[in-house]
$ cat target.csv   # CSV, C-alpha atoms
chain,number,residue,atom,x,y,z
A,711,MET,CA,21.5,-0.7,40.3
A,712,LEU,CA,21.1,-0.4,44.0
A,713,SER,CA,18.2,1.9,45.0
A,714,ILE,CA,18.4,5.5,46.1
A,715,GLY,CA,17.9,5.8,49.9
A,716,THR,CA,19.6,2.5,50.7
A,717,GLN,CA,22.8,2.0,52.6
A,718,ALA,CA,25.8,1.5,50.3
A,719,PRO,CA,27.4,-1.9,51.1
A,720,ASP,CA,30.9,-1.7,52.6
A,721,PHE,CA,33.9,-3.1,50.8
A,722,SER,CA,37.7,-3.0,51.0
A,723,LEU,CA,39.9,-3.0,47.9
A,724,HIS,CA,43.5,-2.4,46.9
A,725,THR,CA,44.3,1.2,45.8
A,726,THR,CA,48.0,0.7,45.5
A,727,PRO,CA,50.0,-2.6,45.7
A,728,ASP,CA,50.5,-2.1,49.5
A,729,GLN,CA,47.4,-0.1,50.5
A,730,LYS,CA,43.7,-0.8,50.8
A,731,ILE,CA,40.7,1.5,51.1
A,732,SER,CA,37.4,0.7,52.8
A,733,LEU,CA,34.3,2.6,52.1
A,734,SER,CA,33.6,2.9,55.8
A,735,GLU,CA,36.8,4.9,56.3
A,736,LEU,CA,35.2,7.7,54.2
A,737,ARG,CA,32.2,8.2,56.5
A,738,GLY,CA,31.7,11.9,57.1
A,739,LYS,CA,32.5,12.7,53.5
A,740,ARG,CA,30.3,12.3,50.5
A,741,VAL,CA,31.6,9.7,48.1
A,742,ILE,CA,31.3,9.4,44.3
A,743,LEU,CA,31.8,5.8,43.2
A,744,ALA,CA,32.7,5.7,39.5
A,745,PHE,CA,32.6,2.2,38.1
A,746,TYR,CA,34.2,2.0,34.6
A,747,PRO,CA,35.1,-0.8,32.2
A,748,ALA,CA,38.8,-0.5,31.9
A,749,ASP,CA,42.0,1.6,32.3
A,750,TRP,CA,43.6,3.0,29.1
A,751,SER,CA,40.7,4.2,27.1
A,752,PRO,CA,41.5,7.0,24.6
A,753,VAL,CA,42.8,10.1,26.3
A,754,CYS,CA,40.7,13.0,25.2
A,755,GLY,CA,37.4,11.4,25.8
A,756,ASP,CA,38.5,9.6,28.9
A,757,GLN,CA,36.2,9.7,31.9
A,758,MET,CA,38.9,9.4,34.5
A,759,ALA,CA,41.0,12.2,32.9
A,760,LEU,CA,37.9,14.4,32.9
A,761,TYR,CA,37.2,13.7,36.6
A,762,ASN,CA,40.8,14.4,37.4
A,763,GLN,CA,40.1,18.0,36.2
A,764,THR,CA,36.8,18.3,38.0
A,765,LEU,CA,37.9,17.1,41.4
A,766,LYS,CA,38.0,20.7,42.8
A,767,PHE,CA,34.3,21.1,42.0
A,768,PHE,CA,33.6,17.8,43.8
A,769,HIS,CA,35.7,18.8,46.8
A,770,LYS,CA,33.7,22.0,47.1
A,771,HIS,CA,30.7,19.8,48.0
A,772,ASN,CA,32.8,17.7,50.5
A,773,ALA,CA,32.8,14.8,48.0
A,774,GLU,CA,35.6,12.4,47.3
A,775,LEU,CA,35.8,10.5,44.1
A,776,ILE,CA,36.8,6.8,43.7
A,777,GLY,CA,37.3,5.0,40.5
A,778,ILE,CA,36.6,1.2,40.4
A,779,SER,CA,37.4,-1.3,37.6
A,780,VAL,CA,38.4,-4.9,37.4
A,781,ASP,CA,42.0,-3.9,36.4
A,782,SER,CA,44.7,-5.1,38.8
A,783,LYS,CA,46.5,-2.8,41.3
A,784,TRP,CA,49.6,-2.8,39.1
A,785,CYS,CA,47.6,-1.8,36.1
A,786,HIS,CA,45.9,1.0,38.1
A,787,LEU,CA,49.3,2.2,39.3
A,788,ALA,CA,50.7,2.5,35.8
A,789,PHE,CA,47.5,4.1,34.5
A,790,SER,CA,47.2,6.5,37.4
A,791,GLN,CA,50.9,7.6,36.9
A,792,ASP,CA,50.5,8.0,33.2
A,793,ARG,CA,47.4,10.2,33.5
A,794,LYS,CA,48.6,12.0,36.7
A,795,LEU,CA,45.4,11.1,38.5
A,796,HIS,CA,44.8,12.7,41.9
A,797,PHE,CA,42.2,10.3,43.2
A,798,PRO,CA,42.3,6.6,44.1
A,799,LEU,CA,41.5,3.8,41.6
A,800,LEU,CA,40.4,0.6,43.3
A,801,ALA,CA,41.1,-2.9,41.9
A,802,ASP,CA,38.0,-5.0,41.8
A,803,PHE,CA,40.3,-7.8,40.7
A,804,GLU,CA,40.2,-10.9,43.0
A,805,PRO,CA,37.7,-12.4,43.2
A,806,LYS,CA,37.0,-10.6,40.0
A,807,GLY,CA,34.2,-8.1,40.0
A,808,THR,CA,33.0,-8.9,43.5
A,809,VAL,CA,32.2,-5.2,44.4
A,810,SER,CA,30.8,-4.4,40.9
A,811,LYS,CA,28.4,-7.4,41.4
A,812,LEU,CA,27.6,-6.2,44.9
A,813,TYR,CA,26.6,-2.8,43.4
A,814,ASP,CA,24.7,-4.5,40.5
A,815,VAL,CA,26.9,-3.0,37.8
A,816,TYR,CA,28.9,-6.0,36.5
A,817,ASP,CA,28.7,-6.9,32.9
A,818,GLU,CA,29.1,-10.8,32.9
A,819,LYS,CA,29.5,-11.0,29.2
A,820,GLU,CA,32.4,-8.6,28.9
A,821,GLY,CA,33.8,-9.5,32.4
A,822,GLU,CA,34.0,-5.8,33.2
A,823,SER,CA,32.2,-3.2,35.3
A,824,ARG,CA,29.6,-1.2,33.5
A,825,ARG,CA,30.0,2.6,33.4
A,826,ALA,CA,28.0,3.5,36.4
A,827,LEU,CA,27.9,6.2,39.0
A,828,TYR,CA,26.8,6.3,42.6
A,829,VAL,CA,26.8,9.4,44.9
A,830,LEU,CA,26.7,8.6,48.6
A,831,ASP,CA,26.0,11.1,51.4
A,832,GLU,CA,28.1,11.5,54.6
A,833,GLU,CA,26.4,8.5,56.2
A,834,GLY,CA,27.0,6.2,53.2
A,835,ILE,CA,23.4,6.4,52.0
A,836,ILE,CA,22.9,6.3,48.2
A,837,ARG,CA,21.5,9.6,47.0
A,838,TRP,CA,21.9,9.4,43.3
A,839,ASN,CA,22.8,6.7,40.7
A,840,TYR,CA,23.3,6.6,37.0
A,841,LEU,CA,24.0,3.8,34.5
A,842,SER,CA,25.7,5.1,31.3
A,843,PRO,CA,24.9,3.7,27.9
A,844,VAL,CA,27.7,1.5,26.6
A,845,GLY,CA,30.6,3.4,25.2
A,846,MET,CA,29.3,6.8,26.5
A,847,ASN,CA,31.3,8.9,29.0
A,848,PRO,CA,28.6,10.3,31.3
A,849,GLY,CA,30.6,13.5,32.1
A,850,ALA,CA,30.4,15.2,35.5
A,851,ASP,CA,27.2,17.3,35.2
A,852,GLY,CA,24.9,14.7,36.6
A,853,ILE,CA,27.2,14.3,39.7
A,854,LEU,CA,27.4,18.0,40.3
A,855,ASP,CA,23.6,18.4,39.9
A,856,ALA,CA,23.1,15.6,42.5
A,857,LEU,CA,25.6,17.3,44.9
A,858,ASP,CA,23.8,20.6,44.4
A,859,GLU,CA,20.5,19.0,45.3
A,860,MET,CA,22.1,17.4,48.5
A,861,ASP,CA,23.4,20.9,49.5
A,862,LYS,CA,19.8,22.2,49.5
A,863,LYS,CA,18.6,19.6,52.0
B,931,MET,CA,20.3,15.6,26.3
B,932,PRO,CA,22.6,18.0,28.2
B,933,GLN,CA,22.0,21.7,27.6
B,934,LEU,CA,24.5,24.5,27.1
B,935,LYS,CA,24.9,26.5,30.4
B,936,PRO,CA,25.1,29.4,30.3
B,937,ALA,CA,23.7,30.2,26.8
B,938,VAL,CA,26.0,32.1,24.4
B,939,ASN,CA,26.5,35.6,25.6
B,940,SER,CA,28.6,38.7,25.3
B,941,ASN,CA,31.6,37.1,27.0
B,942,ASP,CA,31.9,34.6,24.2
B,943,HIS,CA,34.0,34.8,21.0
B,944,ILE,CA,31.5,34.6,18.2
B,945,LEU,CA,32.2,34.3,14.4
B,946,GLY,CA,29.5,34.6,11.8
B,947,SER,CA,26.0,36.2,11.6
B,948,MET,CA,24.3,36.9,15.0
B,949,ASN,CA,21.0,36.0,13.4
B,950,ALA,CA,22.1,32.7,12.0
B,951,PRO,CA,19.7,29.8,12.3
B,952,ILE,CA,22.4,27.5,13.5
B,953,GLU,CA,24.5,28.2,16.5
B,954,LEU,CA,27.5,25.9,16.9
B,955,VAL,CA,29.5,25.9,20.1
B,956,GLU,CA,32.7,24.0,20.5
B,957,TYR,CA,34.4,23.2,23.8
B,958,GLY,CA,38.0,22.6,22.8
B,959,ASP,CA,41.6,22.1,24.1
B,960,TYR,CA,44.4,23.6,22.0
B,961,GLN,CA,46.7,20.7,22.7
B,962,CYS,CA,44.1,18.0,22.0
B,963,PRO,CA,44.8,16.2,18.7
B,964,HIS,CA,41.1,15.6,18.0
B,965,CYS,CA,40.4,19.3,18.3
B,966,GLY,CA,43.3,19.9,15.9
B,967,ARG,CA,41.6,17.6,13.5
B,968,ALA,CA,38.3,19.4,14.0
B,969,TYR,CA,39.8,22.8,13.3
B,970,PRO,CA,40.0,22.6,9.5
B,971,ILE,CA,36.6,20.8,9.4
B,972,ILE,CA,35.0,23.7,11.3
B,973,LYS,CA,36.7,26.2,8.9
B,974,ASN,CA,35.3,24.5,5.9
B,975,ILE,CA,31.8,24.2,7.4
B,976,GLN,CA,31.9,27.9,8.2
B,977,LYS,CA,32.8,28.6,4.5
B,978,LYS,CA,30.0,26.4,3.2
B,979,LEU,CA,27.3,27.5,5.6
B,980,GLY,CA,28.1,31.2,5.4
B,981,ASP,CA,25.5,33.4,7.1
B,982,ASN,CA,23.6,30.4,8.2
B,983,LEU,CA,26.2,29.6,10.9
B,984,LYS,CA,27.2,31.3,14.1
B,985,PHE,CA,30.3,29.7,15.6
B,986,VAL,CA,31.4,30.0,19.2
B,987,PHE,CA,34.6,28.6,20.8
B,988,ARG,CA,34.9,28.0,24.6
B,989,ASN,CA,38.0,26.6,26.4
B,990,PHE,CA,38.1,23.2,27.9
B,991,PRO,CA,41.8,22.6,28.6
B,992,LEU,CA,42.6,19.1,30.1
B,993,SER,CA,45.8,20.5,31.7
B,994,GLU,CA,46.9,17.3,33.4
B,995,ILE,CA,47.3,15.4,30.1
B,996,HIS,CA,48.0,18.5,28.0
B,997,PRO,CA,50.4,20.7,30.0
B,998,ASN,CA,50.5,23.6,27.5
B,999,ALA,CA,46.7,23.7,27.0
B,1000,VAL,CA,46.0,26.4,29.6
B,1001,ASN,CA,48.7,28.8,28.5
B,1002,ALA,CA,47.6,28.4,24.9
B,1003,ALA,CA,44.0,29.2,25.9
B,1004,VAL,CA,45.1,32.2,27.9
B,1005,ALA,CA,47.2,33.4,24.9
B,1006,ALA,CA,44.2,33.3,22.6
B,1007,GLU,CA,42.1,35.1,25.2
B,1008,ALA,CA,44.8,37.7,25.7
B,1009,ALA,CA,44.8,38.3,21.9
B,1010,SER,CA,41.2,39.2,22.1
B,1011,GLN,CA,42.2,42.4,23.9
B,1012,GLN,CA,43.7,43.4,20.6
B,1013,ASN,CA,40.7,42.0,18.7
B,1014,LYS,CA,42.7,39.1,17.3
B,1015,PHE,CA,41.2,36.2,19.2
B,1016,TRP,CA,40.4,34.2,16.0
B,1017,GLU,CA,43.8,34.9,14.4
B,1018,MET,CA,45.5,33.6,17.5
B,1019,HIS,CA,43.1,30.7,17.8
B,1020,GLY,CA,43.9,29.7,14.2
B,1021,ILE,CA,47.6,30.0,14.4
B,1022,ILE,CA,47.7,28.0,17.6
B,1023,TYR,CA,45.7,25.1,16.1
B,1024,GLU,CA,47.8,25.2,12.9
B,1025,ASN,CA,50.9,24.7,15.1
B,1026,GLN,CA,49.6,22.6,17.9
B,1027,GLN,CA,52.7,20.5,18.1
B,1028,HIS,CA,54.7,23.5,19.4
B,1029,LEU,CA,52.9,25.3,22.2
B,1030,SER,CA,55.6,26.4,24.7
B,1031,ASP,CA,55.3,30.0,26.0
B,1032,VAL,CA,58.2,31.0,23.6
B,1033,ASP,CA,56.2,29.6,20.7
B,1034,LEU,CA,53.0,31.4,21.8
B,1035,VAL,CA,54.9,34.7,21.8
B,1036,ARG,CA,56.3,33.9,18.3
B,1037,TYR,CA,52.7,33.3,17.1
B,1038,ALA,CA,51.6,36.6,18.6
B,1039,ALA,CA,54.3,38.3,16.7
B,1040,LYS,CA,53.4,36.6,13.5
B,1041,ILE,CA,49.8,37.8,13.6
B,1042,ALA,CA,51.2,41.3,14.4
B,1043,LEU,CA,50.0,41.7,17.9
B,1044,ASN,CA,51.6,44.5,19.9
B,1045,LEU,CA,53.9,42.2,21.9
B,1046,GLU,CA,54.4,44.4,24.9
B,1047,GLN,CA,50.7,44.6,25.3
B,1048,PHE,CA,50.2,40.9,24.6
B,1049,LYS,CA,52.7,39.9,27.3
B,1050,LEU,CA,51.0,42.2,29.9
B,1051,ASP,CA,47.6,40.8,29.0
B,1052,PHE,CA,48.9,37.2,29.1
B,1053,GLU,CA,49.9,37.8,32.8
B,1054,THR,CA,46.5,39.5,33.7
B,1055,PRO,CA,44.4,37.1,35.8
B,1056,GLN,CA,41.2,38.0,33.9
B,1057,PHE,CA,42.1,35.8,30.9
B,1058,LEU,CA,43.0,32.8,33.1
B,1059,GLU,CA,39.7,33.3,34.9
B,1060,LYS,CA,37.8,33.4,31.6
B,1061,THR,CA,39.5,30.1,30.6
B,1062,GLU,CA,38.5,28.6,34.0
B,1063,LEU,CA,34.9,29.9,33.7
B,1064,ASP,CA,34.7,28.3,30.3
B,1065,PHE,CA,35.9,25.0,31.7
B,1066,GLU,CA,33.4,25.1,34.5
B,1067,SER,CA,30.5,25.9,32.2
B,1068,GLY,CA,31.6,23.0,30.0
B,1069,VAL,CA,31.5,20.6,33.0
B,1070,ARG,CA,28.0,21.9,34.0
B,1071,SER,CA,26.9,21.5,30.4
B,1072,GLY,CA,27.9,17.9,30.2
B,1073,VAL,CA,31.1,18.2,28.2
B,1074,ASN,CA,32.7,14.7,28.5
B,1075,GLY,CA,35.8,15.1,26.3
B,1076,THR,CA,37.2,17.3,23.6
B,1077,PRO,CA,36.0,18.5,21.2
B,1078,SER,CA,32.4,18.6,22.4
B,1079,PHE,CA,29.8,20.4,20.3
B,1080,PHE,CA,26.5,22.0,21.1
B,1081,ILE,CA,24.1,22.9,18.3
B,1082,ASN,CA,21.4,25.5,19.2
B,1083,GLY,CA,22.1,24.8,22.9
B,1084,GLU,CA,21.9,21.0,22.8
B,1085,LYS,CA,24.8,18.6,23.1
B,1086,TYR,CA,25.6,16.9,19.7
B,1087,ASP,CA,27.0,13.4,20.1
B,1088,GLY,CA,27.0,12.6,16.4
B,1089,ASP,CA,29.8,12.3,13.8
B,1090,TRP,CA,31.7,15.5,13.3
B,1091,ASP,CA,33.6,14.4,10.2
B,1092,GLU,CA,33.0,17.1,7.6
B,1093,ILE,CA,30.5,15.3,5.3
B,1094,PRO,CA,28.1,13.9,8.0
B,1095,PHE,CA,28.5,17.0,10.1
B,1096,LEU,CA,27.7,19.4,7.3
B,1097,SER,CA,24.7,17.4,6.1
B,1098,TYR,CA,23.4,17.2,9.6
B,1099,LEU,CA,23.8,21.0,10.1
B,1100,ARG,CA,22.2,21.7,6.6
B,1101,SER,CA,19.2,19.6,7.7
B,1102,LEU,CA,18.5,22.2,10.4
B,1103,ILE,CA,18.3,25.2,8.1
$ encode --input "target.csv" --output "structure tokens"
Amino acid sequence: MLSIGTQAPDFSLHTTPDQKISLSELRGKRVILAFYPADWSPVCGDQMALYNQTLKFFHKHNAELIGISVDSKWCHLAFSQDRKLHFPLLADFEPKGTVSKLYDVYDEKEGESRRALYVLDEEGIIRWNYLSPVGMNPGADGILDALDEMDKK
Amino acid sequence: MPQLKPAVNSNDHILGSMNAPIELVEYGDYQCPHCGRAYPIIKNIQKKLGDNLKFVFRNFPLSEIHPNAVNAAVAAEAASQQNKFWEMHGIIYENQQHLSDVDLVRYAAKIALNLEQFKLDFETPQFLEKTELDFESGVRSGVNGTPSFFINGEKYDGDWDEIPFLSYLRSLI
């Protein structure tokens, strides 16, 4: 994974079929980058469904959450509507996995992003990172602990 | 391994012996089918472990995917005002396909709650707040889906089918 204390590389990806988001647009806010393997994992243990319910805790720390996987913008649209997600999902779709590779969290064998988290500060510096074991939803406690630590500084 | 935060305390619903060697905490959602499947398993485990088990239930409603989960949680909490939390908890899990507000009142009647009192308590903010505090404590404790279990304060990621779960719990006595 990219090291803590380094600048998070900028990128621009589709969030809806007609809209793109660049990381640099979010300067001034903390950003949680949640890379995950694929849309449509089982509901009750789903990481994105969980984060959808913990957004208000992230917002208290001036943090925005972004989900990133190699699924297409159309797949994200359907998934996001089905799960009523209130945060953007970015499509790391073409060329496949470019941003995941840039962040050193691409699984070449599966052709998917690993389950990995980065927390960036207001200037886009990486303050926390975490690579989850395969098949393990990391929950939100690590993110919130990292945001608490950032508040202390 | 994530730790339970806060530890079990007087705000919790506790079944079983206070001095039991095993403390099992479940974070659950009343509309979650996996939690519904866990309900009879936990009941059997309680029967088999007797005084060796203290069981605690905390709310973790995923309301965006389970639109009736919060009201079901509040209904169970409201029943605690008449000392019938566990009766309400049980009847809700036994009927988890039908959890509209009308259904919840019907269950309250079935377990012989004073309905006027129940309806008042259901609207009181304190029970919704309890539900939200449970949820937040779950998030801080590393709950990553439902059901999530903590055994003696530590998150348990093992199998919770009855046979393996029971044999794991027995190994702790």
$ residues_around --input "target.csv" --residues "Tyr813 (chain A)" --least-positions-apart "6" --cutoff "10 Å" --atoms "all atoms listed in the file" --output "PyMOL selection string"
chain A and resi 711-713+718-719+745+807+823+826+828
$ residues_around --input "target.csv" --residues "Ala1006 (chain B)" --least-positions-apart "5" --cutoff "9 Å" --atoms "all atoms listed in the file" --output "PyMOL selection string"
chain B and resi 1001+1014-1019+1022+1052+1057
$ interface_residues --input "target.csv" --of "chain B" --to "chain A" --cutoff "8 Å" --atoms "only C-alpha atoms" --output "MDAnalysis selection string"
chainID B and resid 962 964 992:995 1069:1076
$ residues_around --input "target.csv" --residues "Asn949 (chain B)" --least-positions-apart "2" --cutoff "10 Å" --atoms "only C-alpha atoms" --output "ChimeraX atom specification"
/B:946-947,951-953,981-984
$ residues_near_point --input "target.csv" --point "(53.0, 18.5, 13.4)" --cutoff "12 Å" --atoms "only C-alpha atoms" --output "JSON, numbers by chain"
{"B": [961, 963, 966, 967, 1022, 1023, 1024, 1025, 1026, 1027, 1028, 1029]}
$ atom_distance --input "target.csv" --atom1 "CA of Ala937 (chain B)" --atom2 "CA of Phe987 (chain B)"
12.5 Å
$ atom_distance --input "target.csv" --atom1 "CA of Glu1059 (chain B)" --atom2 "CA of Pro752 (chain A)"
28.3 Å
$ closest_residue --input "target.csv" --among "B:Lys1060, B:Lys977, B:Arg1036, B:Arg1100" --to "Asp942 (chain B)" --atoms "all atoms listed in the file"
B:Lys1060
$ closest_residue --input "target.csv" --among "A:Leu736, A:Leu827, A:Leu800, A:Ile714" --to "Glu774 (chain A)" --atoms "only C-alpha atoms"
A:Leu736
$ residues_near_point --input "target.csv" --point "(40.0, 0.9, 53.1)" --cutoff "12 Å" --atoms "all atoms listed in the file" --output "JSON list (two decimals) with C-alpha atoms, in the frame of the given file"
[["chain", "number", "residue", "atom", "x", "y", "z"],
["A", 720, "ASP", "CA", 30.90, -1.70, 52.60],
["A", 721, "PHE", "CA", 33.90, -3.10, 50.80],
["A", 722, "SER", "CA", 37.70, -3.00, 51.00],
["A", 723, "LEU", "CA", 39.90, -3.00, 47.90],
["A", 724, "HIS", "CA", 43.50, -2.40, 46.90],
["A", 725, "THR", "CA", 44.30, 1.20, 45.80],
["A", 726, "THR", "CA", 48.00, 0.70, 45.50],
["A", 728, "ASP", "CA", 50.50, -2.10, 49.50],
["A", 729, "GLN", "CA", 47.40, -0.10, 50.50],
["A", 730, "LYS", "CA", 43.70, -0.80, 50.80],
["A", 731, "ILE", "CA", 40.70, 1.50, 51.10],
["A", 732, "SER", "CA", 37.40, 0.70, 52.80],
["A", 733, "LEU", "CA", 34.30, 2.60, 52.10],
["A", 734, "SER", "CA", 33.60, 2.90, 55.80],
["A", 735, "GLU", "CA", 36.80, 4.90, 56.30],
["A", 736, "LEU", "CA", 35.20, 7.70, 54.20],
["A", 737, "ARG", "CA", 32.20, 8.20, 56.50],
["A", 776, "ILE", "CA", 36.80, 6.80, 43.70],
["A", 798, "PRO", "CA", 42.30, 6.60, 44.10],
["A", 799, "LEU", "CA", 41.50, 3.80, 41.60],
["A", 800, "LEU", "CA", 40.40, 0.60, 43.30],
["A", 801, "ALA", "CA", 41.10, -2.90, 41.90]]
$ closest_residue --input "target.csv" --among "B:Ile944, B:Leu1034, B:Val1000, B:Ile975" --to "Leu1099 (chain B)" --atoms "all atoms listed in the file"
B:Ile975
$ residues_around --input "target.csv" --residues "Leu1058 (chain B)" --least-positions-apart "3" --cutoff "6 Å" --atoms "all atoms listed in the file" --output "number ranges by chain"
B: 1004, 1055, 1061
$ write_last_selection --input "target.csv" --atoms "C-alpha atoms" --output "mmCIF file, keeping the file's coordinate frame"
data_model
loop_
_atom_site.group_PDB
_atom_site.id
_atom_site.type_symbol
_atom_site.label_atom_id
_atom_site.label_comp_id
_atom_site.auth_asym_id
_atom_site.auth_seq_id
_atom_site.Cartn_x
_atom_site.Cartn_y
_atom_site.Cartn_z
ATOM 1 C CA VAL B 1004 45.100 32.200 27.900
ATOM 2 C CA PRO B 1055 44.400 37.100 35.800
ATOM 3 C CA THR B 1061 39.500 30.100 30.600
#
$ residues_around --input "target.csv" --residues "Tyr746 (chain A)" --least-positions-apart "3" --cutoff "10 Å" --atoms "only C-alpha atoms" --output "list in words"
Leu743, Asp749, Gln757, Met758, Gly777, Ile778, Ser779, Val780, Asp781, Ser810, Val815, Tyr816, Glu822, Ser823, Arg824, Arg825, Ala826, Leu827, Ser842 and Asn847 of chain A
$ atom_distance --input "target.csv" --atom1 "CA of Ala1009 (chain B)" --atom2 "CA of Phe1048 (chain B)"
6.6 Å
$ closest_residue --input "target.csv" --among "A:Asp802, A:Asp814, A:Gly845, A:Leu775" --to "Ser751 (chain A)" --atoms "all atoms listed in the file"
A:Gly845
$ build_atoms --input "target.csv" --residues "region 1040-1056 of chain B" --atoms "N, CA and C atoms" --output "PDB file, keeping the file's coordinate frame"
ATOM      1  N   LYS B1040      53.719  36.882  14.860  1.00  0.00           N
ATOM      2  CA  LYS B1040      53.400  36.600  13.500  1.00  0.00           C
ATOM      3  C   LYS B1040      52.019  37.151  13.061  1.00  0.00           C
ATOM      4  N   ILE B1041      51.093  37.225  13.992  1.00  0.00           N
ATOM      5  CA  ILE B1041      49.800  37.800  13.600  1.00  0.00           C
ATOM      6  C   ILE B1041      49.779  39.318  13.971  1.00  0.00           C
ATOM      7  N   ALA B1042      50.986  39.869  14.184  1.00  0.00           N
ATOM      8  CA  ALA B1042      51.200  41.300  14.400  1.00  0.00           C
ATOM      9  C   ALA B1042      50.444  41.885  15.568  1.00  0.00           C
ATOM     10  N   LEU B1043      50.491  41.142  16.672  1.00  0.00           N
ATOM     11  CA  LEU B1043      50.000  41.700  17.900  1.00  0.00           C
ATOM     12  C   LEU B1043      51.084  42.678  18.452  1.00  0.00           C
ATOM     13  N   ASN B1044      50.660  43.691  19.172  1.00  0.00           N
ATOM     14  CA  ASN B1044      51.600  44.500  19.900  1.00  0.00           C
ATOM     15  C   ASN B1044      52.127  43.614  21.060  1.00  0.00           C
ATOM     16  N   LEU B1045      53.412  43.253  20.975  1.00  0.00           N
ATOM     17  CA  LEU B1045      53.900  42.200  21.900  1.00  0.00           C
ATOM     18  C   LEU B1045      54.004  42.629  23.323  1.00  0.00           C
ATOM     19  N   GLU B1046      54.335  43.901  23.544  1.00  0.00           N
ATOM     20  CA  GLU B1046      54.400  44.400  24.900  1.00  0.00           C
ATOM     21  C   GLU B1046      53.017  44.246  25.572  1.00  0.00           C
ATOM     22  N   GLN B1047      52.040  44.705  24.826  1.00  0.00           N
ATOM     23  CA  GLN B1047      50.700  44.600  25.300  1.00  0.00           C
ATOM     24  C   GLN B1047      50.244  43.174  25.523  1.00  0.00           C
ATOM     25  N   PHE B1048      50.597  42.324  24.559  1.00  0.00           N
ATOM     26  CA  PHE B1048      50.200  40.900  24.600  1.00  0.00           C
ATOM     27  C   PHE B1048      50.831  40.263  25.889  1.00  0.00           C
ATOM     28  N   LYS B1049      52.081  40.532  26.157  1.00  0.00           N
ATOM     29  CA  LYS B1049      52.700  39.900  27.300  1.00  0.00           C
ATOM     30  C   LYS B1049      52.096  40.381  28.618  1.00  0.00           C
ATOM     31  N   LEU B1050      51.728  41.657  28.662  1.00  0.00           N
ATOM     32  CA  LEU B1050      51.000  42.200  29.900  1.00  0.00           C
ATOM     33  C   LEU B1050      49.676  41.470  30.015  1.00  0.00           C
ATOM     34  N   ASP B1051      48.939  41.395  28.905  1.00  0.00           N
ATOM     35  CA  ASP B1051      47.600  40.800  29.000  1.00  0.00           C
ATOM     36  C   ASP B1051      47.693  39.297  29.330  1.00  0.00           C
ATOM     37  N   PHE B1052      48.718  38.644  28.832  1.00  0.00           N
ATOM     38  CA  PHE B1052      48.900  37.200  29.100  1.00  0.00           C
ATOM     39  C   PHE B1052      49.047  36.972  30.612  1.00  0.00           C
ATOM     40  N   GLU B1053      49.650  37.922  31.316  1.00  0.00           N
ATOM     41  CA  GLU B1053      49.900  37.800  32.800  1.00  0.00           C
ATOM     42  C   GLU B1053      48.644  38.256  33.589  1.00  0.00           C
ATOM     43  N   THR B1054      47.704  38.940  32.953  1.00  0.00           N
ATOM     44  CA  THR B1054      46.500  39.500  33.700  1.00  0.00           C
ATOM     45  C   THR B1054      45.654  38.296  34.116  1.00  0.00           C
ATOM     46  N   PRO B1055      45.205  38.269  35.381  1.00  0.00           N
ATOM     47  CA  PRO B1055      44.400  37.100  35.800  1.00  0.00           C
ATOM     48  C   PRO B1055      43.065  36.977  35.055  1.00  0.00           C
ATOM     49  N   GLN B1056      42.565  38.067  34.473  1.00  0.00           N
ATOM     50  CA  GLN B1056      41.200  38.000  33.900  1.00  0.00           C
ATOM     51  C   GLN B1056      41.122  36.931  32.765  1.00  0.00           C
TER      52      GLN B1056
END
